[in-house]
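Written below as structure tokens is the structure these notes are about.
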Amino acid sequence: QVQLVESGGGLMQPGGSLRLSCSSSGRRGFNLGIMAWYRQAPGKERELVARIVPGGSTMYADSVKGRFTIYRDIAKKTLYLQMNSVKPEDTAVYYCYGEAVIGTDVYWGQGTQVTVSS
């Protein structure tokens, strides 16, 4: 079984920076393909924040373009989300997501809370 564990959430002031991490663990040799960060604010649906494919191409939600950066360290099996110039509307639970390279299995982390408030 594959596990995704997020870390790095917390309370920030508007304009600040934070980096989220998502470490993956599982059976030897198992690799994840597409990985992404989603978020869910209170009373709202879960939304895609950023996605990265194995070749390194990335895509971002319009609301975070130019402020957030998604990247991964393949050797460490860790996905990151660098969040800069954060806004109160970035407040949400952030979830790590990964897809198996082979097959159709998908995996979710347990989520990490990010709160932006003055």
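Following the order of the structure tokens, chains are lettered A, B, ..., residues in each are numbered from 1, and ligands are numbered from 1.
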
Which residues of region 17-41 of chain A sit at most 12 Å from region 72-77 of chain A, using only C-alpha atoms? Give each one's shortest atom pair and distance in Å (one decimal place), in chain and ascending residue order, as CSV.
```
residue,atom,partner,partner_atom,distance
A:Leu20,CA,A:Arg72,CA,11.2
A:Ser21,CA,A:Arg72,CA,9.2
A:Cys22,CA,A:Lys77,CA,8.4
A:Ser23,CA,A:Lys77,CA,6.0
A:Ser24,CA,A:Lys77,CA,5.6
A:Ser25,CA,A:Lys77,CA,7.6
A:Gly26,CA,A:Lys77,CA,10.1
A:Arg28,CA,A:Lys77,CA,11.7
A:Gly29,CA,A:Lys77,CA,11.0
A:Phe30,CA,A:Lys77,CA,10.1
A:Asn31,CA,A:Lys77,CA,8.3
A:Leu32,CA,A:Lys77,CA,8.6
A:Gly33,CA,A:Ile74,CA,10.4
A:Ile34,CA,A:Arg72,CA,10.6
A:Met35,CA,A:Arg72,CA,8.8
A:Ala36,CA,A:Arg72,CA,10.0
A:Trp37,CA,A:Arg72,CA,11.6
```

Next item on the list: Please provide as a PyMOL selection string all residues within 6 Å of Gly111 (chain A), with the sequence filter that same-chain residues fewer than 2 positions apart are discarded (counting only C-alpha atoms).
Entry: chain A and resi 93-95+109

Check which residues of region 52-109 of chain A sit at most 12 Å from region 41-47 of chain A using only C-alpha atoms, and return one row each with the closest pair of atoms and their distance in Å to one decimal, ordered by chain and rising number, as JSON lines.
```
{"residue": "A:Tyr60", "atom": "CA", "partner": "A:Glu47", "partner_atom": "CA", "distance": 11.0}
{"residue": "A:Ala61", "atom": "CA", "partner": "A:Glu47", "partner_atom": "CA", "distance": 8.7}
{"residue": "A:Asp62", "atom": "CA", "partner": "A:Glu47", "partner_atom": "CA", "distance": 11.5}
{"residue": "A:Ser63", "atom": "CA", "partner": "A:Glu47", "partner_atom": "CA", "distance": 10.9}
{"residue": "A:Val64", "atom": "CA", "partner": "A:Glu47", "partner_atom": "CA", "distance": 11.8}
{"residue": "A:Pro88", "atom": "CA", "partner": "A:Ala41", "partner_atom": "CA", "distance": 10.8}
{"residue": "A:Glu89", "atom": "CA", "partner": "A:Ala41", "partner_atom": "CA", "distance": 8.5}
{"residue": "A:Asp90", "atom": "CA", "partner": "A:Ala41", "partner_atom": "CA", "distance": 8.2}
{"residue": "A:Thr91", "atom": "CA", "partner": "A:Ala41", "partner_atom": "CA", "distance": 6.4}
{"residue": "A:Ala92", "atom": "CA", "partner": "A:Ala41", "partner_atom": "CA", "distance": 4.2}
{"residue": "A:Val93", "atom": "CA", "partner": "A:Ala41", "partner_atom": "CA", "distance": 6.4}
{"residue": "A:Tyr94", "atom": "CA", "partner": "A:Ala41", "partner_atom": "CA", "distance": 8.8}
{"residue": "A:Tyr95", "atom": "CA", "partner": "A:Arg46", "partner_atom": "CA", "distance": 9.1}
{"residue": "A:Cys96", "atom": "CA", "partner": "A:Glu47", "partner_atom": "CA", "distance": 11.7}
{"residue": "A:Tyr97", "atom": "CA", "partner": "A:Glu47", "partner_atom": "CA", "distance": 11.6}
```

Determine, counting only C-alpha atoms, which protein, DNA and RNA residues have an atom within 8 Å of an atom of Leu11 (chain A); residues of the same chain fewer than 4 positions away are not included. Present the result as a PDB file with all heavy atoms, in the first residue's frame.
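Saved the output as out.pdb:
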```pdb
ATOM      1  N   VAL A 114      -3.608  24.921   6.125  1.00  0.00           N
ATOM      2  CA  VAL A 114      -2.905  26.177   5.890  1.00  0.00           C
ATOM      3  C   VAL A 114      -3.879  27.306   6.177  1.00  0.00           C
ATOM      4  O   VAL A 114      -4.968  27.357   5.605  1.00  0.00           O
ATOM      5  CB  VAL A 114      -2.391  26.277   4.441  1.00  0.00           C
ATOM      6  CG1 VAL A 114      -1.829  27.673   4.175  1.00  0.00           C
ATOM      7  CG2 VAL A 114      -1.325  25.222   4.179  1.00  0.00           C
ATOM      8  N   THR A 115      -3.495  28.186   7.072  1.00  0.00           N
ATOM      9  CA  THR A 115      -4.340  29.315   7.441  1.00  0.00           C
ATOM     10  C   THR A 115      -3.565  30.606   7.223  1.00  0.00           C
ATOM     11  O   THR A 115      -2.455  30.758   7.735  1.00  0.00           O
ATOM     12  CB  THR A 115      -4.783  29.218   8.906  1.00  0.00           C
ATOM     13  OG1 THR A 115      -5.481  27.989   9.119  1.00  0.00           O
ATOM     14  CG2 THR A 115      -5.701  30.377   9.267  1.00  0.00           C
ATOM     15  N   VAL A 116      -4.166  31.503   6.454  1.00  0.00           N
ATOM     16  CA  VAL A 116      -3.545  32.801   6.183  1.00  0.00           C
ATOM     17  C   VAL A 116      -4.410  33.879   6.813  1.00  0.00           C
ATOM     18  O   VAL A 116      -5.552  34.108   6.396  1.00  0.00           O
ATOM     19  CB  VAL A 116      -3.388  33.052   4.678  1.00  0.00           C
ATOM     20  CG1 VAL A 116      -2.674  34.397   4.444  1.00  0.00           C
ATOM     21  CG2 VAL A 116      -2.623  31.910   4.023  1.00  0.00           C
ATOM     22  N   SER A 117      -3.849  34.513   7.808  1.00  0.00           N
ATOM     23  CA  SER A 117      -4.635  35.505   8.542  1.00  0.00           C
ATOM     24  C   SER A 117      -3.714  36.497   9.227  1.00  0.00           C
ATOM     25  O   SER A 117      -2.614  36.132   9.671  1.00  0.00           O
ATOM     26  CB  SER A 117      -5.517  34.818   9.589  1.00  0.00           C
ATOM     27  OG  SER A 117      -6.192  35.781  10.378  1.00  0.00           O
TER      28      SER A 117
END
```

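Residue nearest Arg51 (chain A), chosen from A:Gln110, A:Arg27, A:Val5, A:Gly98 and counting only C-alpha atoms: A:Gly98.
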
Checklist line | Expected answer as a VMD selection string: strand (DSSP E) residues in region 35-101 of chain A | finding: chain A and resid 35 to 40 47 to 52 58 to 60 68 to 73 78 to 83 92 to 100

Once you have the residues from the selection above, write them out as a short mmCIF file (atom, residue, chain, number, x, y, z; two decimals), in the first residue's frame, restricted to N, CA and C atoms.
```
data_model
loop_
_atom_site.label_atom_id
_atom_site.label_comp_id
_atom_site.auth_asym_id
_atom_site.auth_seq_id
_atom_site.Cartn_x
_atom_site.Cartn_y
_atom_site.Cartn_z
N MET A 35 1.43 13.73 -10.09
CA MET A 35 1.19 14.12 -8.71
C MET A 35 0.63 15.54 -8.68
N ALA A 36 -0.08 15.84 -7.63
CA ALA A 36 -0.74 17.14 -7.59
C ALA A 36 -1.02 17.56 -6.16
N TRP A 37 -1.32 18.84 -6.02
CA TRP A 37 -1.83 19.40 -4.77
C TRP A 37 -3.25 19.89 -5.01
N TYR A 38 -4.13 19.50 -4.13
CA TYR A 38 -5.50 19.99 -4.12
C TYR A 38 -5.71 20.74 -2.81
N ARG A 39 -6.77 21.52 -2.76
CA ARG A 39 -7.13 22.16 -1.49
C ARG A 39 -8.64 22.24 -1.36
N GLN A 40 -9.07 22.31 -0.12
CA GLN A 40 -10.49 22.41 0.15
C GLN A 40 -10.70 23.41 1.28
N GLU A 47 -10.48 21.55 -4.82
CA GLU A 47 -10.06 22.07 -6.12
C GLU A 47 -8.59 21.78 -6.37
N LEU A 48 -8.26 21.64 -7.64
CA LEU A 48 -6.88 21.41 -8.05
C LEU A 48 -6.09 22.71 -7.92
N VAL A 49 -4.95 22.63 -7.27
CA VAL A 49 -4.08 23.78 -7.12
C VAL A 49 -2.95 23.75 -8.14
N ALA A 50 -2.28 22.61 -8.22
CA ALA A 50 -1.15 22.48 -9.13
C ALA A 50 -0.90 21.00 -9.40
N ARG A 51 -0.34 20.71 -10.57
CA ARG A 51 -0.11 19.34 -10.97
C ARG A 51 1.24 19.27 -11.68
N ILE A 52 1.91 18.14 -11.51
CA ILE A 52 3.18 17.91 -12.19
C ILE A 52 3.17 16.50 -12.77
N THR A 58 4.29 21.31 -15.65
CA THR A 58 3.42 21.69 -14.54
C THR A 58 2.23 22.50 -15.05
N MET A 59 1.18 22.51 -14.26
CA MET A 59 0.05 23.37 -14.52
C MET A 59 -0.47 23.89 -13.19
N TYR A 60 -1.06 25.08 -13.22
CA TYR A 60 -1.52 25.73 -12.00
C TYR A 60 -2.92 26.29 -12.19
N PHE A 68 2.65 30.21 -6.56
CA PHE A 68 2.95 28.87 -6.08
C PHE A 68 3.81 28.14 -7.10
N THR A 69 4.65 27.24 -6.59
CA THR A 69 5.48 26.40 -7.46
C THR A 69 5.42 24.97 -6.97
N ILE A 70 5.09 24.05 -7.87
CA ILE A 70 5.08 22.63 -7.54
C ILE A 70 6.34 21.99 -8.12
N TYR A 71 6.97 21.14 -7.35
CA TYR A 71 8.14 20.41 -7.85
C TYR A 71 8.30 19.14 -7.03
N ARG A 72 9.11 18.23 -7.56
CA ARG A 72 9.27 16.95 -6.86
C ARG A 72 10.73 16.55 -6.87
N ASP A 73 11.09 15.79 -5.86
CA ASP A 73 12.42 15.18 -5.77
C ASP A 73 12.18 13.69 -5.93
N THR A 78 9.46 12.74 -2.83
CA THR A 78 8.79 13.83 -2.13
C THR A 78 8.29 14.87 -3.12
N LEU A 79 7.08 15.31 -2.91
CA LEU A 79 6.46 16.37 -3.69
C LEU A 79 6.41 17.62 -2.83
N TYR A 80 6.61 18.78 -3.45
CA TYR A 80 6.62 20.03 -2.71
C TYR A 80 5.65 21.03 -3.33
N LEU A 81 5.22 21.96 -2.51
CA LEU A 81 4.47 23.11 -3.00
C LEU A 81 5.03 24.34 -2.29
N GLN A 82 5.74 25.16 -3.03
CA GLN A 82 6.25 26.41 -2.49
C GLN A 82 5.18 27.48 -2.67
N MET A 83 4.76 28.05 -1.57
CA MET A 83 3.69 29.03 -1.58
C MET A 83 4.26 30.39 -1.20
N ALA A 92 -7.02 26.85 3.55
CA ALA A 92 -7.68 25.59 3.18
C ALA A 92 -6.90 24.43 3.76
N VAL A 93 -7.49 23.27 3.64
CA VAL A 93 -6.73 22.04 3.89
C VAL A 93 -6.13 21.62 2.55
N TYR A 94 -4.84 21.41 2.54
CA TYR A 94 -4.13 21.05 1.31
C TYR A 94 -3.84 19.55 1.30
N TYR A 95 -4.19 18.92 0.18
CA TYR A 95 -4.04 17.48 0.04
C TYR A 95 -3.06 17.15 -1.07
N CYS A 96 -2.27 16.16 -0.80
CA CYS A 96 -1.35 15.60 -1.79
C CYS A 96 -2.07 14.47 -2.54
N TYR A 97 -1.82 14.38 -3.81
CA TYR A 97 -2.48 13.38 -4.67
C TYR A 97 -1.44 12.75 -5.57
N GLY A 98 -1.58 11.44 -5.80
CA GLY A 98 -0.67 10.77 -6.70
C GLY A 98 -1.36 9.64 -7.45
N GLU A 99 -0.90 9.41 -8.67
CA GLU A 99 -1.44 8.34 -9.50
C GLU A 99 -0.35 7.30 -9.75
N ALA A 100 -0.75 6.05 -9.72
CA ALA A 100 0.19 4.99 -10.05
C ALA A 100 0.60 5.10 -11.51
#
```

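One finds CA of Gly9 (chain A) at 5.3 Å from CA of Gln113 (chain A).
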
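We find CA of Gly56 (chain A) and CA of Ser7 (chain A) to be spaced 22.1 Å apart.
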
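From CA of Gln3 (chain A) back to CA of Thr112 (chain A), the distance works out to 14.5 Å.
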
Checklist line | Residue with smallest distance to Gly15 (chain A) - pool A:Ser118, A:Ser85, A:Tyr107, A:Val101, counting only C-alpha atoms | finding: A:Ser85
